[in-house]
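Taking it in order: structure first as C-alpha cells, then the write-up.
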Amino acid sequence: MTRSTYIQAVFSRLKRLTRREREAIRRELDGHMEDHFEALRELGYDETEAEERTLAAMGDPAEVGRALDRQYPFRWLIVKWAAQGLTVLLVLVLLSGWWDVLGNLACYARARLWPATIANVEWLARQSGRELELVQDMDREFRLGTATCRVWQIGLEHPSEQAMAEKGGMTYVAVSCWEDKPWAEPQGSVEVYSTAGVKSTRSMGGSWGMAWEIPVTFGDTLRVCWYDELAHQYETLLTVELPWEESP
Amino acid sequence: MARKQTMDHTQLLVLSLLAGEDMYGYQMIVELARRSDHTFEMKEGTLYPVLHGLERSGAVEAYEQEAPTGRVRKYYHLTRRGAAFLKEEARAWQTYSGAVNAVLRACPALDPA
Amino acid sequence: MKTKRPKLPMPRRRLALLWLLVPCLLLLAAYVTDVYCFTPDQVQRMEEKRRLLEPMEIIWQADAPWEQEVPALIRLTANDRAVGFSEYDFRWWYGGWQGYMSVAPRENGRPFTAGYIWQRRQLEEREVPEEMASLWEGYHTSLTEEFVYVYGCVESPEVAELVVEFEPSEFLLAPQPSQTVRLTAADWIIGTDGTAYFVCPLGPTRTARSIVCYVTAYGADGGELGTRSVTGMGHWLE
C-alpha cells in the first residue's frame with residue numbers, strides 16, 4: 001500500500017463528496033503522511049520502511065473513511081442544491097421585472113440630476129425650428145400623488161413686449177418627475193396651459209420628464225395641471241411666472 | 001457508549017491543544033505525544049474525523065497556510081464557541097476524574113501503605 | 001510565484017444556510033421593489049397608487065368564478081372619491097398577483113354611484129351547441145361568455161331600492177334572456193363610514209354583441225329617483 005492507495009481506500013468509504021471537499025481531504029491526509037514520512041526519513045529510516053511505518057500509524061483506512069463520512073451529512077448537500085435551484089428559478093422568474101427596475105433607477109437618477117437628458121426646452125424649440133432668446137433654469141417643485149415634480153427650465157422665444165407684440169411667440173417649459181421610491185415609475189399625467197387656457201402645441205418626454213411648447217401673449221403666466229380622471233377635469237397644481245422683460 | 005466516550009475524550013484533547021495556538025493535524029499528533037509523554041498515541045487517521053466534526057459544529061475553523069516546513073497545511077483555529085465548549089468539557093472532565101479518584105482513594109486494596 | 005490553490009470548502013451546514021439566504025434576499029428585494037406581488041393587497045396598493053386613489057377600504061371580496069386554474073379574486077374597494085372593482089389572479093411564474101382595478105367616481109349629487117365591469121371567457125368548442133358547431137370555425141374568437149358585475153354605492157338616504165336591468169343581445173342568432181335584479185337594504189354592504197355599497201353579479205351570459213344595462217333607484221314610496229345607463233359611455237337618463 002502506498003500513500004495514494006491509502007487515500008483511495010479512505011475515499012471508497014466516503015459516499016457523496018463534492019469535488020472541492022474531496023480535494024481538501026486528499027490534500028490534508030496526503031500532507032499529514034508526507035510530514036510523518038519526512039520525520040521518519042530524518043531519523044534515518046529508509047524510504048520503504050518510513051512509508052510502511054507512516055501507513056501503519058494512520059490506522060485502518062476503512063474506519064477513517066466511515067468516521068469521516070459521518071461528518072459529511074448528505075441532507076445539507078441536498079438543502080444547498082435545493083437553494084441553488086430555487087435561486088436560479090427566482091432569477092429567471094424575476095429577471096424581466098428587475099430589468100425594468102434597473103431602467104427605472106436610471107431614469108430616476110436622470111430626472112433628479114440631469115433632467116435635461118429627458119426633455120429640455122432647447123430640443124423642443126429646435127424641433128419646431130424656433131430660436132430661444134431666453135433660457136432660464138428654475139426650481140419649483142410640486143407633489144403629484146407619491147411623485148415629486150419639478151419645473152426646472154423655462155424658455156422664451158421673445159421675452160420683450162415689443163417683439164411679442166410684433167411677432168408673437170412661444171414659451172417652453174420643462175418638468176421632471178420622480179417617485180418617492182427610486183425604482184418606481186411616476187404615475188399621473190401633467191399638462192401645461194397658459195393663463196388664457198391655451199393648450200400646448202407640442203410636447204416631448206415621458207413619465208420622468210416632459211417639455212411643452214405653449215403659445216402665449218406678453219405677460220401671461222403658465223398653469224401646470226393634472227388631469228383628474230375621476231372628476232374629468234384639470235386641476236391646477238402650480239402657477240409659473242414667466243421672466244418677461246419689462247419695457248423701459 | 002464506549003465510542004462516544006473516546007470521541008469526547010479526543011475532542012477534549014484536540015480542543016485543549018488548539019487553545020494555545022493554531023495547529024495542523026500532524027503537529028497536533030506530535031504535540032499530543034510530547035505532552036502526554038506518549039500515553040496518547042492514537043491512530044493518526046482517526047484525528048481527522050474528529051477535527052472535521054469539530055469544524056462542522058463550529059468549535060474550530062480551518063484555513064490553509066504555509067507551515068514552517070515550507071509546505072501548505074490546513075490549520076485549525078479554536079473559535080469562541082469552541083473555547084466555551086472546551087471550558088465546559090474540561091470542568092465536566094475534572095468533576096468526573098475527581099470522583100473516580102475519590103472512589104479509588106477509598107479502595108483499601110489500593111492503599112499504598 | 002505562488003500557485004493558486006482552491007479554497008477550503010465551508011462546512012456543509014453553513015454553506016447550505018448561506019445558499020438558503022440567497023433566495024430569501026431575492027424574494028425580499030422582489031417584494032420591496034414590487035417586482036413580484038405576494039399578496040393581492042400589494043397589487044391593490046399599486047393600482048391605487050397608479051390611479052392616485054390611495055388609500056381605499058376593502059368592502060367585499062369573493063373568488064372569481066371564471067378562473068378555475070389559478071387563484072383569482074374579485075374585490076370591491078372604496079374611498080370618498082371612488083368605488084373600485086378589481087380582479088386579481090395569481091400566476092407564480094408571471095410576477096405573482098396581477099390584475100386591474102376599474103373605478104366609478106363617486107357622484108355625491110346623485111342618488112347612487114354605479115359602475116359596470118365584465119370579464120370575458122373564451123368558450124371551448126364542446127360548449128357550443130351542436131347545431132351551431134358549423135359556425136365555430138368562422139366565429140370562435142367571438143364566441144365568449146361574459147361575467148358581468150354592476151357595483152357602486154348608495155349616495156342618497158332616500159334610496160330604498162335599486163333595480164338593475166340587464167339586456168344582453170343575441171348569441172349565435174338565439175336571443176338571450178334579460179335579467180332584472182332588485183337590490184334592497186338587505187343587499188347593501190355597509191362600509192366602516194356607514195356608506196351602503198352593492199355588488200350585483202349578472203350572467204354568465206353568452207353574447208357576441210353588446211349588452212345594455214340600466215340601474216334605477218326608487219324611494220321608499222316607490223317614486224323613481226333616477227336612472228343611469230352603466231354600459232358603454234355611462235350616462236344619466238334625464
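By order in the C-alpha cells, chains are A, B, ...; within a chain, residues start at 1; ligands start at 1, following the order shown.
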- Task: Just need the residues of chain B within 12 Å of chain C, counting only C-alpha atoms, so spit them out as a PyMOL selection string.
- Result: chain B and resi 51-66+71-76
Print the selection's residues with N, CA, C and O atoms to a file, as a PDB file, in the first residue's frame.
```
ATOM      1  N   LEU B  51     -11.545  16.232  13.911  1.00  0.00           N
ATOM      2  CA  LEU B  51     -11.347  17.642  13.528  1.00  0.00           C
ATOM      3  C   LEU B  51     -12.478  18.142  12.634  1.00  0.00           C
ATOM      4  O   LEU B  51     -13.004  19.237  12.824  1.00  0.00           O
ATOM      5  N   HIS B  52     -12.864  17.308  11.662  1.00  0.00           N
ATOM      6  CA  HIS B  52     -13.929  17.742  10.747  1.00  0.00           C
ATOM      7  C   HIS B  52     -15.261  17.851  11.473  1.00  0.00           C
ATOM      8  O   HIS B  52     -16.092  18.696  11.139  1.00  0.00           O
ATOM      9  N   GLY B  53     -15.442  16.985  12.478  1.00  0.00           N
ATOM     10  CA  GLY B  53     -16.665  17.077  13.295  1.00  0.00           C
ATOM     11  C   GLY B  53     -16.679  18.365  14.090  1.00  0.00           C
ATOM     12  O   GLY B  53     -17.719  19.040  14.186  1.00  0.00           O
ATOM     13  N   LEU B  54     -15.532  18.727  14.638  1.00  0.00           N
ATOM     14  CA  LEU B  54     -15.451  19.980  15.409  1.00  0.00           C
ATOM     15  C   LEU B  54     -15.656  21.189  14.502  1.00  0.00           C
ATOM     16  O   LEU B  54     -16.291  22.171  14.877  1.00  0.00           O
ATOM     17  N   GLU B  55     -15.155  21.086  13.277  1.00  0.00           N
ATOM     18  CA  GLU B  55     -15.326  22.174  12.320  1.00  0.00           C
ATOM     19  C   GLU B  55     -16.798  22.326  11.963  1.00  0.00           C
ATOM     20  O   GLU B  55     -17.336  23.422  11.888  1.00  0.00           O
ATOM     21  N   ARG B  56     -17.448  21.159  11.783  1.00  0.00           N
ATOM     22  CA  ARG B  56     -18.867  21.153  11.428  1.00  0.00           C
ATOM     23  C   ARG B  56     -19.704  21.779  12.540  1.00  0.00           C
ATOM     24  O   ARG B  56     -20.653  22.526  12.278  1.00  0.00           O
ATOM     25  N   SER B  57     -19.348  21.503  13.803  1.00  0.00           N
ATOM     26  CA  SER B  57     -20.151  22.054  14.898  1.00  0.00           C
ATOM     27  C   SER B  57     -19.734  23.484  15.240  1.00  0.00           C
ATOM     28  O   SER B  57     -20.302  24.088  16.134  1.00  0.00           O
ATOM     29  N   GLY B  58     -18.731  23.996  14.538  1.00  0.00           N
ATOM     30  CA  GLY B  58     -18.369  25.398  14.749  1.00  0.00           C
ATOM     31  C   GLY B  58     -17.387  25.624  15.876  1.00  0.00           C
ATOM     32  O   GLY B  58     -17.109  26.765  16.232  1.00  0.00           O
ATOM     33  N   ALA B  59     -16.824  24.545  16.441  1.00  0.00           N
ATOM     34  CA  ALA B  59     -15.870  24.710  17.537  1.00  0.00           C
ATOM     35  C   ALA B  59     -14.502  25.142  17.013  1.00  0.00           C
ATOM     36  O   ALA B  59     -13.750  25.808  17.723  1.00  0.00           O
ATOM     37  N   VAL B  60     -14.183  24.733  15.795  1.00  0.00           N
ATOM     38  CA  VAL B  60     -12.919  25.178  15.179  1.00  0.00           C
ATOM     39  C   VAL B  60     -13.186  25.686  13.770  1.00  0.00           C
ATOM     40  O   VAL B  60     -14.224  25.382  13.171  1.00  0.00           O
ATOM     41  N   GLU B  61     -12.261  26.488  13.281  1.00  0.00           N
ATOM     42  CA  GLU B  61     -12.298  26.956  11.895  1.00  0.00           C
ATOM     43  C   GLU B  61     -11.009  26.527  11.219  1.00  0.00           C
ATOM     44  O   GLU B  61      -9.981  26.440  11.882  1.00  0.00           O
ATOM     45  N   ALA B  62     -11.076  26.284   9.911  1.00  0.00           N
ATOM     46  CA  ALA B  62      -9.875  25.825   9.214  1.00  0.00           C
ATOM     47  C   ALA B  62      -9.443  26.854   8.186  1.00  0.00           C
ATOM     48  O   ALA B  62     -10.267  27.584   7.643  1.00  0.00           O
ATOM     49  N   TYR B  63      -8.160  26.937   7.970  1.00  0.00           N
ATOM     50  CA  TYR B  63      -7.633  27.768   6.883  1.00  0.00           C
ATOM     51  C   TYR B  63      -6.329  27.147   6.422  1.00  0.00           C
ATOM     52  O   TYR B  63      -5.716  26.358   7.148  1.00  0.00           O
ATOM     53  N   GLU B  64      -5.907  27.455   5.229  1.00  0.00           N
ATOM     54  CA  GLU B  64      -4.661  26.886   4.725  1.00  0.00           C
ATOM     55  C   GLU B  64      -3.552  27.915   4.803  1.00  0.00           C
ATOM     56  O   GLU B  64      -3.770  29.096   4.521  1.00  0.00           O
ATOM     57  N   GLN B  65      -2.384  27.475   5.186  1.00  0.00           N
ATOM     58  CA  GLN B  65      -1.253  28.392   5.317  1.00  0.00           C
ATOM     59  C   GLN B  65       0.032  27.590   5.189  1.00  0.00           C
ATOM     60  O   GLN B  65       0.042  26.381   5.445  1.00  0.00           O
ATOM     61  N   GLU B  66       1.096  28.264   4.834  1.00  0.00           N
ATOM     62  CA  GLU B  66       2.378  27.589   4.694  1.00  0.00           C
ATOM     63  C   GLU B  66       2.922  27.271   6.091  1.00  0.00           C
ATOM     64  O   GLU B  66       3.016  28.156   6.942  1.00  0.00           O
ATOM     65  N   ARG B  71       5.667  23.657   3.542  1.00  0.00           N
ATOM     66  CA  ARG B  71       4.542  23.085   2.805  1.00  0.00           C
ATOM     67  C   ARG B  71       3.249  23.749   3.260  1.00  0.00           C
ATOM     68  O   ARG B  71       3.158  24.263   4.375  1.00  0.00           O
ATOM     69  N   VAL B  72       2.262  23.692   2.393  1.00  0.00           N
ATOM     70  CA  VAL B  72       0.970  24.273   2.754  1.00  0.00           C
ATOM     71  C   VAL B  72       0.185  23.256   3.570  1.00  0.00           C
ATOM     72  O   VAL B  72       0.032  22.107   3.155  1.00  0.00           O
ATOM     73  N   ARG B  73      -0.268  23.658   4.740  1.00  0.00           N
ATOM     74  CA  ARG B  73      -1.010  22.766   5.623  1.00  0.00           C
ATOM     75  C   ARG B  73      -2.334  23.398   6.022  1.00  0.00           C
ATOM     76  O   ARG B  73      -2.472  24.617   6.048  1.00  0.00           O
ATOM     77  N   LYS B  74      -3.301  22.516   6.365  1.00  0.00           N
ATOM     78  CA  LYS B  74      -4.603  23.003   6.806  1.00  0.00           C
ATOM     79  C   LYS B  74      -4.557  23.223   8.315  1.00  0.00           C
ATOM     80  O   LYS B  74      -4.442  22.260   9.080  1.00  0.00           O
ATOM     81  N   TYR B  75      -4.608  24.472   8.712  1.00  0.00           N
ATOM     82  CA  TYR B  75      -4.535  24.829  10.129  1.00  0.00           C
ATOM     83  C   TYR B  75      -5.937  24.898  10.727  1.00  0.00           C
ATOM     84  O   TYR B  75      -6.891  25.277  10.056  1.00  0.00           O
ATOM     85  N   TYR B  76      -6.018  24.577  12.010  1.00  0.00           N
ATOM     86  CA  TYR B  76      -7.290  24.674  12.727  1.00  0.00           C
ATOM     87  C   TYR B  76      -7.171  25.736  13.793  1.00  0.00           C
ATOM     88  O   TYR B  76      -6.127  25.853  14.444  1.00  0.00           O
TER      89      TYR B  76
END
```
- Task: Just need the residues of chain C within 7 Å of chain A, counting only C-alpha atoms, so spit them out as a list of chain:residue names.
- Result: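 The complete set of qualifying residues is C:Leu8, C:Pro9, C:Arg12, C:Arg13, C:Leu15, C:Ala16, C:Trp19, C:Leu20, C:Val22, C:Pro23, C:Thr33, C:Val35, C:Arg50, C:Leu52, C:Trp93, C:Tyr94, C:Pro105.
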Atoms kept (N, CA, C and O atoms) for selection, written as a compact mmCIF listing (two decimals), in the first residue's frame:
```
# COMPACT_ATOMS: atom_id res chain seq x y z
N LEU C 8 -10.63 26.32 0.74
CA LEU C 8 -11.15 25.23 1.56
C LEU C 8 -12.67 25.28 1.54
O LEU C 8 -13.25 26.36 1.59
N PRO C 9 -13.30 24.10 1.48
CA PRO C 9 -14.77 24.13 1.46
C PRO C 9 -15.32 24.50 2.83
O PRO C 9 -14.73 24.17 3.85
N ARG C 12 -20.75 21.94 5.43
CA ARG C 12 -21.96 21.83 4.60
C ARG C 12 -23.15 22.61 5.13
O ARG C 12 -23.88 23.22 4.37
N ARG C 13 -23.31 22.55 6.47
CA ARG C 13 -24.50 23.20 7.02
C ARG C 13 -24.43 24.71 6.79
O ARG C 13 -25.39 25.34 6.36
N LEU C 15 -22.74 26.32 4.53
CA LEU C 15 -22.87 26.62 3.10
C LEU C 15 -24.33 26.55 2.66
O LEU C 15 -24.82 27.43 1.94
N ALA C 16 -25.03 25.51 3.15
CA ALA C 16 -26.44 25.34 2.78
C ALA C 16 -27.26 26.51 3.31
O ALA C 16 -28.11 27.06 2.60
N TRP C 19 -26.64 29.55 1.24
CA TRP C 19 -27.36 29.47 -0.04
C TRP C 19 -28.85 29.68 0.14
O TRP C 19 -29.50 30.23 -0.75
N LEU C 20 -29.39 29.24 1.30
CA LEU C 20 -30.82 29.47 1.54
C LEU C 20 -31.12 30.96 1.70
O LEU C 20 -32.21 31.42 1.39
N VAL C 22 -29.82 33.29 0.00
CA VAL C 22 -29.85 33.97 -1.31
C VAL C 22 -31.28 34.09 -1.85
O VAL C 22 -31.74 35.20 -2.14
N PRO C 23 -32.04 32.96 -1.98
CA PRO C 23 -33.42 33.13 -2.46
C PRO C 23 -34.27 34.01 -1.54
O PRO C 23 -35.14 34.74 -2.03
N THR C 33 -39.29 46.01 -4.21
CA THR C 33 -39.34 46.76 -5.47
C THR C 33 -40.63 46.50 -6.24
O THR C 33 -40.76 46.95 -7.38
N VAL C 35 -41.54 44.02 -7.77
CA VAL C 35 -41.34 43.23 -8.99
C VAL C 35 -42.20 41.97 -8.92
O VAL C 35 -42.66 41.46 -9.92
N ARG C 50 -51.39 53.99 -8.84
CA ARG C 50 -51.40 54.31 -10.27
C ARG C 50 -52.54 55.27 -10.60
O ARG C 50 -52.39 56.17 -11.42
N LEU C 52 -53.81 57.28 -8.40
CA LEU C 52 -53.74 58.33 -7.38
C LEU C 52 -54.98 58.29 -6.49
O LEU C 52 -55.64 59.31 -6.27
N TRP C 93 -45.36 32.20 -11.97
CA TRP C 93 -44.29 32.39 -12.95
C TRP C 93 -44.38 33.76 -13.63
O TRP C 93 -43.54 34.11 -14.43
N TYR C 94 -45.40 34.50 -13.30
CA TYR C 94 -45.60 35.76 -14.01
C TYR C 94 -45.87 36.89 -13.01
O TYR C 94 -46.95 37.47 -12.97
N PRO C 105 -66.27 56.95 -10.36
CA PRO C 105 -66.14 58.13 -9.50
C PRO C 105 -67.41 58.31 -8.67
O PRO C 105 -68.52 58.09 -9.16
```
- Message: as a list in words, could you give me every residue of chain A near chain B (at most 9 Å apart, counting only C-alpha atoms)?
- Response: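 Only these qualify: Ala24, Ile25, Arg27, Glu28, Leu29, Gly31, His32, Met33, Asp35, His36, Ala56, Ala57, Met58, Gly59, Asp60, Pro61, Glu63, Val64, Gly65, Arg66, Ala67, Leu68, Asp69, Arg70, Gln71 and Tyr72 of chain A.
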- Task: Using backbone DSSP assignments, extract all helix (DSSP H, G or I) residues from region 18-182 of chain C; output them as a PyMOL selection string.
- Result: chain C and resi 18-32+40-50+125-127+130-142
Saved selection, atoms kept: C-alpha atoms, as a PDB file, in the first residue's frame:
```
ATOM      1  CA  LEU C  18     -25.885  30.730   3.210  1.00  0.00           C
ATOM      2  CA  TRP C  19     -27.358  29.467  -0.041  1.00  0.00           C
ATOM      3  CA  LEU C  20     -30.820  29.466   1.539  1.00  0.00           C
ATOM      4  CA  LEU C  21     -30.290  33.107   2.384  1.00  0.00           C
ATOM      5  CA  VAL C  22     -29.852  33.969  -1.307  1.00  0.00           C
ATOM      6  CA  PRO C  23     -33.420  33.132  -2.460  1.00  0.00           C
ATOM      7  CA  CYS C  24     -34.748  34.792   0.696  1.00  0.00           C
ATOM      8  CA  LEU C  25     -32.906  38.004  -0.147  1.00  0.00           C
ATOM      9  CA  LEU C  26     -34.082  37.775  -3.754  1.00  0.00           C
ATOM     10  CA  LEU C  27     -37.683  37.441  -2.584  1.00  0.00           C
ATOM     11  CA  LEU C  28     -37.281  40.335  -0.170  1.00  0.00           C
ATOM     12  CA  ALA C  29     -35.843  42.527  -2.910  1.00  0.00           C
ATOM     13  CA  ALA C  30     -38.658  41.473  -5.242  1.00  0.00           C
ATOM     14  CA  TYR C  31     -41.203  42.406  -2.586  1.00  0.00           C
ATOM     15  CA  VAL C  32     -39.634  45.764  -1.809  1.00  0.00           C
ATOM     16  CA  PRO C  40     -53.488  40.732  -3.710  1.00  0.00           C
ATOM     17  CA  ASP C  41     -53.167  43.675  -1.318  1.00  0.00           C
ATOM     18  CA  GLN C  42     -49.804  44.504  -2.833  1.00  0.00           C
ATOM     19  CA  VAL C  43     -51.318  44.787  -6.347  1.00  0.00           C
ATOM     20  CA  GLN C  44     -54.224  46.676  -4.839  1.00  0.00           C
ATOM     21  CA  ARG C  45     -51.866  49.305  -3.429  1.00  0.00           C
ATOM     22  CA  MET C  46     -50.054  49.551  -6.752  1.00  0.00           C
ATOM     23  CA  GLU C  47     -53.327  50.030  -8.595  1.00  0.00           C
ATOM     24  CA  GLU C  48     -54.486  52.661  -6.109  1.00  0.00           C
ATOM     25  CA  LYS C  49     -51.200  54.487  -6.497  1.00  0.00           C
ATOM     26  CA  ARG C  50     -51.398  54.315 -10.272  1.00  0.00           C
ATOM     27  CA  GLU C 125     -65.777  24.069 -28.891  1.00  0.00           C
ATOM     28  CA  ARG C 126     -67.596  21.448 -26.817  1.00  0.00           C
ATOM     29  CA  GLU C 127     -69.523  24.219 -25.021  1.00  0.00           C
ATOM     30  CA  GLU C 130     -74.008  21.052 -31.858  1.00  0.00           C
ATOM     31  CA  GLU C 131     -76.270  22.698 -34.392  1.00  0.00           C
ATOM     32  CA  MET C 132     -74.085  25.796 -34.108  1.00  0.00           C
ATOM     33  CA  ALA C 133     -70.831  23.930 -34.472  1.00  0.00           C
ATOM     34  CA  SER C 134     -70.593  24.858 -38.139  1.00  0.00           C
ATOM     35  CA  LEU C 135     -70.193  28.463 -37.070  1.00  0.00           C
ATOM     36  CA  TRP C 136     -67.278  27.579 -34.833  1.00  0.00           C
ATOM     37  CA  GLU C 137     -64.609  27.864 -37.500  1.00  0.00           C
ATOM     38  CA  GLY C 138     -65.523  31.343 -38.579  1.00  0.00           C
ATOM     39  CA  TYR C 139     -66.547  32.915 -35.303  1.00  0.00           C
ATOM     40  CA  HIS C 140     -64.890  31.096 -32.493  1.00  0.00           C
ATOM     41  CA  THR C 141     -62.936  34.131 -31.307  1.00  0.00           C
ATOM     42  CA  SER C 142     -66.165  35.993 -30.760  1.00  0.00           C
TER      43      SER C 142
END
```
- Task: Point out the residue among A:Val175, A:Cys225, A:Leu242, A:Leu40 with the least atom-to-atom distance to Gly205 (chain A), counting only C-alpha atoms.
- Result: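 The closest residue to Gly205 (chain A) is A:Val175.
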- Selection near Tyr193 (chain A), 6 Å with only C-alpha atoms, sequence-local residues under 4 positions removed, as a list in words: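 Residues near the query, excluding close chain neighbours: Gly197, Val198, Lys199, Leu222 and Arg223 of chain A.
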Just to be explicit: take each residue in the selection above, keep N, CA and C atoms, and write the result as a compact mmCIF listing (two decimals), in the first residue's frame.
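The resulting file, again-v9.txt, is reproduced below:
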```txt
# COMPACT_ATOMS: atom_id res chain seq x y z
N GLY A 197 -55.69 79.80 -20.99
CA GLY A 197 -56.32 78.50 -21.25
C GLY A 197 -55.87 77.87 -22.53
N VAL A 198 -54.78 78.39 -23.13
CA VAL A 198 -54.31 77.82 -24.39
C VAL A 198 -53.49 76.57 -24.10
N LYS A 199 -53.80 75.52 -24.86
CA LYS A 199 -53.14 74.23 -24.65
C LYS A 199 -51.79 74.23 -25.36
N LEU A 222 -48.01 80.60 -16.66
CA LEU A 222 -48.36 79.23 -17.07
C LEU A 222 -49.02 78.50 -15.90
N ARG A 223 -49.92 77.60 -16.24
CA ARG A 223 -50.54 76.76 -15.23
C ARG A 223 -50.13 75.32 -15.47
```
- Message: Between CA of Cys107 (chain B) and CA of Thr95 (chain B), what distance in Å does the model show, to one decimal?
- Response: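 Between these atoms lies a distance of 18.7 Å.
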- Message: I want to know what sits within 9 Å of Glu141 (chain A), based on only C-alpha atoms, with residues of the same chain fewer than 6 positions away left out; could you give that as a list in words?
- Response: Thr148, Cys149, Arg150, Val151, Trp152 and Leu238 of chain A
- Could you check how far CA of Val199 (chain C) sits from CA of Gln122 (chain C), in Å to one decimal? 23.7 Å
- Message: Calculated over only C-alpha atoms, which of the candidates C:Val163, C:Ile211, C:Val148, C:Val154 has the smallest distance to Ala64 (chain C)?
- Response: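 Of C:Val163, C:Ile211, C:Val148, C:Val154, the one nearest Ala64 (chain C), counting only C-alpha atoms, is C:Val148.
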Just want the 8 Å neighbourhood of Val14 (chain B), counted on only C-alpha atoms, with same-chain residues fewer than 3 positions away dropped. Output as a PDB file with N, CA and C atoms, in the first residue's frame.
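Below you can see selection-v1.pdb, which holds the result:
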```
ATOM      1  N   THR B  10     -11.115  12.493  22.848  1.00  0.00           N
ATOM      2  CA  THR B  10     -10.222  13.016  21.821  1.00  0.00           C
ATOM      3  C   THR B  10     -10.565  14.473  21.517  1.00  0.00           C
ATOM      4  N   GLN B  11     -11.842  14.750  21.431  1.00  0.00           N
ATOM      5  CA  GLN B  11     -12.282  16.141  21.171  1.00  0.00           C
ATOM      6  C   GLN B  11     -11.698  17.080  22.216  1.00  0.00           C
ATOM      7  N   LEU B  17      -5.386  21.396  22.882  1.00  0.00           N
ATOM      8  CA  LEU B  17      -4.166  21.684  22.114  1.00  0.00           C
ATOM      9  C   LEU B  17      -4.316  23.004  21.357  1.00  0.00           C
ATOM     10  N   LEU B  18      -5.511  23.198  20.774  1.00  0.00           N
ATOM     11  CA  LEU B  18      -5.738  24.391  19.943  1.00  0.00           C
ATOM     12  C   LEU B  18      -5.911  25.648  20.785  1.00  0.00           C
ATOM     13  N   MET B  28      -0.460  18.371  15.715  1.00  0.00           N
ATOM     14  CA  MET B  28      -1.252  18.019  16.894  1.00  0.00           C
ATOM     15  C   MET B  28      -0.842  16.660  17.424  1.00  0.00           C
ATOM     16  N   LEU B  51     -11.545  16.232  13.911  1.00  0.00           N
ATOM     17  CA  LEU B  51     -11.347  17.642  13.528  1.00  0.00           C
ATOM     18  C   LEU B  51     -12.478  18.142  12.634  1.00  0.00           C
TER      19      LEU B  51
END
```
- Message: Between CA of Leu73 (chain C) and CA of Gln61 (chain C), what distance in Å does the model show, to one decimal?
- Response: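 About the pair CA of Leu73 (chain C) and CA of Gln61 (chain C): they are 6.9 Å apart.
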